[in-house]
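What follows is a single structure, written as structure tokens, with notes after it.
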Amino acid sequence: MALAFSPEADREITDIIGRYPERAAALIPVLFVAQDEFTYLSEEVLELVAERLDLPAAKVLNTATFYTMLRKAPVGKHHVQVCRTLSCYLRGADQLMATAQRKLGIAPGETTGDGRFTLEGVECLAACGTAPIVRINDVYHENVTPASLERLLDALASGKGEPVGGGGGD
Ligand code: FES
């Protein structure tokens, strides 16, 4: 069966399109709707978005590729995003990334074999005042230290931490 938006997502897209004078301007919000609906933007999903907005597939792909918050590959149940931009970098993002890599046994861009964790270095998450920031799915963790990150990852691994919206998996 061909890929299609749910009626709810389709209504949301119609609403978004109505807010902009040109369809191209609706592209980014529509890509976020597509990501919420399908968990990540596969080639097939990008084609669906291009079709729905009547835009060239190359434009949709270029836009999706540019924004790190738009996922182009499936992610684990817990999507661990370590901000690596200046404020976070100056306050220890490198140590956080090293801690996450050691705890999870994966490199940035990888997912654990059991599909539970994906680790990623991302650009500014717009919460620089409480740097360093680690976002896990939709939840921001502020003023993170290697020790607090370690505790957080342990809790998620043991199932004590609640999985939060936005990641893929079960
Ligand atoms: S630099 Fe990390 S949130 Fe802005």
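Naming works like this for the structure tokens: A, B, ... for the chains as they're shown, residue 1 at the start of each chain, ligands 1 onward in shown order.
Using only C-alpha atoms, the residues found no farther than 12 Å from Gln101 (chain A), other than those of its own chain fewer than 2 positions away, are A:Val80, A:Gln81, A:Val82, A:Asp94, A:Gln95, A:Leu96, A:Met97, A:Ala98, A:Thr99, A:Lys103, A:Leu104, A:Gly105, A:Ile106, A:Ala107, A:Pro108, A:Gly109, A:Glu110, A:Thr111, A:Thr112, A:Phe117, A:Thr118, A:Leu119, A:Glu120, A:Gly121, A:Pro146, A:Leu149, A:Glu150, A:Leu153.
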(message) Please identify the helix (DSSP H, G or I) residues within region 36-161 of chain A (assignment by DSSP from backbone atoms) and present them as a ChimeraX atom specification.
(response) /A:36-38,43-53,57-66,86-90,93-104,128-130,146-157
Could you write out that same residue set with C-alpha atoms as an mmCIF file, in the first residue's frame?
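Output (selection_29.cif):
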data_model
loop_
_atom_site.group_PDB
_atom_site.id
_atom_site.type_symbol
_atom_site.label_atom_id
_atom_site.label_comp_id
_atom_site.auth_asym_id
_atom_site.auth_seq_id
_atom_site.Cartn_x
_atom_site.Cartn_y
_atom_site.Cartn_z
ATOM 1 C CA ASP A 36 5.983 13.148 13.920
ATOM 2 C CA GLU A 37 3.848 10.886 11.778
ATOM 3 C CA PHE A 38 6.519 8.498 10.471
ATOM 4 C CA GLU A 43 13.114 8.805 0.941
ATOM 5 C CA GLU A 44 9.518 7.667 0.570
ATOM 6 C CA VAL A 45 8.290 10.172 3.160
ATOM 7 C CA LEU A 46 10.215 12.999 1.467
ATOM 8 C CA GLU A 47 8.562 12.070 -1.820
ATOM 9 C CA LEU A 48 5.173 12.139 -0.138
ATOM 10 C CA VAL A 49 5.895 15.636 1.239
ATOM 11 C CA ALA A 50 7.072 16.822 -2.204
ATOM 12 C CA GLU A 51 3.884 15.490 -3.754
ATOM 13 C CA ARG A 52 1.628 16.990 -1.078
ATOM 14 C CA LEU A 53 3.217 20.437 -1.439
ATOM 15 C CA ALA A 57 11.781 16.405 -4.667
ATOM 16 C CA ALA A 58 15.318 17.886 -4.730
ATOM 17 C CA LYS A 59 14.182 20.989 -2.817
ATOM 18 C CA VAL A 60 12.492 18.859 -0.169
ATOM 19 C CA LEU A 61 15.574 16.642 0.164
ATOM 20 C CA ASN A 62 17.951 19.633 0.417
ATOM 21 C CA THR A 63 15.863 21.237 3.137
ATOM 22 C CA ALA A 64 15.553 17.997 5.099
ATOM 23 C CA THR A 65 19.303 17.439 4.847
ATOM 24 C CA PHE A 66 20.129 20.953 6.102
ATOM 25 C CA LEU A 86 29.805 27.101 21.327
ATOM 26 C CA SER A 87 28.079 27.638 24.709
ATOM 27 C CA CYS A 88 27.711 23.914 25.263
ATOM 28 C CA TYR A 89 31.192 23.229 23.917
ATOM 29 C CA LEU A 90 32.711 25.741 26.360
ATOM 30 C CA ALA A 93 29.932 19.114 25.639
ATOM 31 C CA ASP A 94 32.980 17.081 24.606
ATOM 32 C CA GLN A 95 33.090 15.328 27.985
ATOM 33 C CA LEU A 96 29.349 14.641 27.736
ATOM 34 C CA MET A 97 29.773 13.109 24.310
ATOM 35 C CA ALA A 98 32.681 10.990 25.549
ATOM 36 C CA THR A 99 30.586 9.832 28.522
ATOM 37 C CA ALA A 100 27.650 8.915 26.294
ATOM 38 C CA GLN A 101 29.912 7.054 23.857
ATOM 39 C CA ARG A 102 31.520 5.061 26.661
ATOM 40 C CA LYS A 103 28.206 4.233 28.375
ATOM 41 C CA LEU A 104 26.368 3.281 25.204
ATOM 42 C CA CYS A 128 22.362 28.191 25.594
ATOM 43 C CA GLY A 129 21.667 29.928 28.938
ATOM 44 C CA THR A 130 21.619 26.585 30.722
ATOM 45 C CA PRO A 146 29.173 13.722 32.947
ATOM 46 C CA ALA A 147 27.948 12.281 36.270
ATOM 47 C CA SER A 148 24.338 13.398 35.794
ATOM 48 C CA LEU A 149 24.346 12.126 32.205
ATOM 49 C CA GLU A 150 25.678 8.798 33.397
ATOM 50 C CA ARG A 151 22.845 8.544 35.956
ATOM 51 C CA LEU A 152 20.282 9.507 33.341
ATOM 52 C CA LEU A 153 21.498 6.920 30.833
ATOM 53 C CA ASP A 154 21.610 4.258 33.554
ATOM 54 C CA ALA A 155 18.010 5.041 34.498
ATOM 55 C CA LEU A 156 16.853 4.833 30.881
ATOM 56 C CA ALA A 157 18.808 1.616 30.296
#
(message) Could you list, as a list in words, all protein and nucleic acid residues with an atom at most 7 Å from ligand 1, counting only C-alpha atoms and all ligand atoms?
(response) Cys83, Arg84, Thr85, Leu86, Ser87, Cys88, Glu123, Cys124, Leu125, Ala126, Ala127, Cys128, Ala131, Pro132 and Ile133 of chain A
(request) Would you mind writing down, as number ranges by chain, each residue of chain A that DSSP on the backbone assigns to strand (DSSP E or B)? (result) A: 78-83, 111, 117-122, 134-136, 139-141
May I have the residues from that selection written out with C-alpha atoms, as a JSON list (two decimals), in the first residue's frame?
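So selection19.json came out as:
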[["chain", "number", "residue", "atom", "x", "y", "z"],
["A", 78, "HIS", "CA", 15.93, 7.01, 23.30],
["A", 79, "HIS", "CA", 17.37, 9.58, 20.91],
["A", 80, "VAL", "CA", 20.27, 11.18, 22.78],
["A", 81, "GLN", "CA", 21.29, 14.49, 21.22],
["A", 82, "VAL", "CA", 24.33, 16.24, 22.67],
["A", 83, "CYS", "CA", 24.58, 19.92, 21.70],
["A", 111, "THR", "CA", 22.24, 3.18, 17.26],
["A", 117, "PHE", "CA", 19.65, 4.29, 22.05],
["A", 118, "THR", "CA", 20.75, 6.53, 19.21],
["A", 119, "LEU", "CA", 23.55, 9.02, 19.89],
["A", 120, "GLU", "CA", 23.96, 12.20, 17.94],
["A", 121, "GLY", "CA", 25.92, 15.47, 18.15],
["A", 122, "VAL", "CA", 23.67, 18.35, 17.14],
["A", 134, "VAL", "CA", 21.41, 17.11, 26.19],
["A", 135, "ARG", "CA", 18.05, 16.54, 24.54],
["A", 136, "ILE", "CA", 16.59, 13.06, 24.82],
["A", 139, "VAL", "CA", 12.98, 16.50, 26.72],
["A", 140, "TYR", "CA", 15.76, 19.02, 27.39],
["A", 141, "HIS", "CA", 18.25, 18.26, 30.17]]
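Distance-wise, CA of Arg19 (chain A) and CA of Ala34 (chain A) end up 17.4 Å apart.
When only C-alpha atoms are used to compute distances to Tyr40 (chain A), the closest of the residues A:Lys160, A:Lys72, A:Arg23, A:Arg11 turns out to be A:Lys72.
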(message) Rounded to one decimal, what separation in Å do you get between CA of Leu41 (chain A) and CA of Ser158 (chain A)?
(response) 29.1 Å
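Distance-wise, CA of Glu12 (chain A) and CA of Val30 (chain A) end up 8.5 Å apart.
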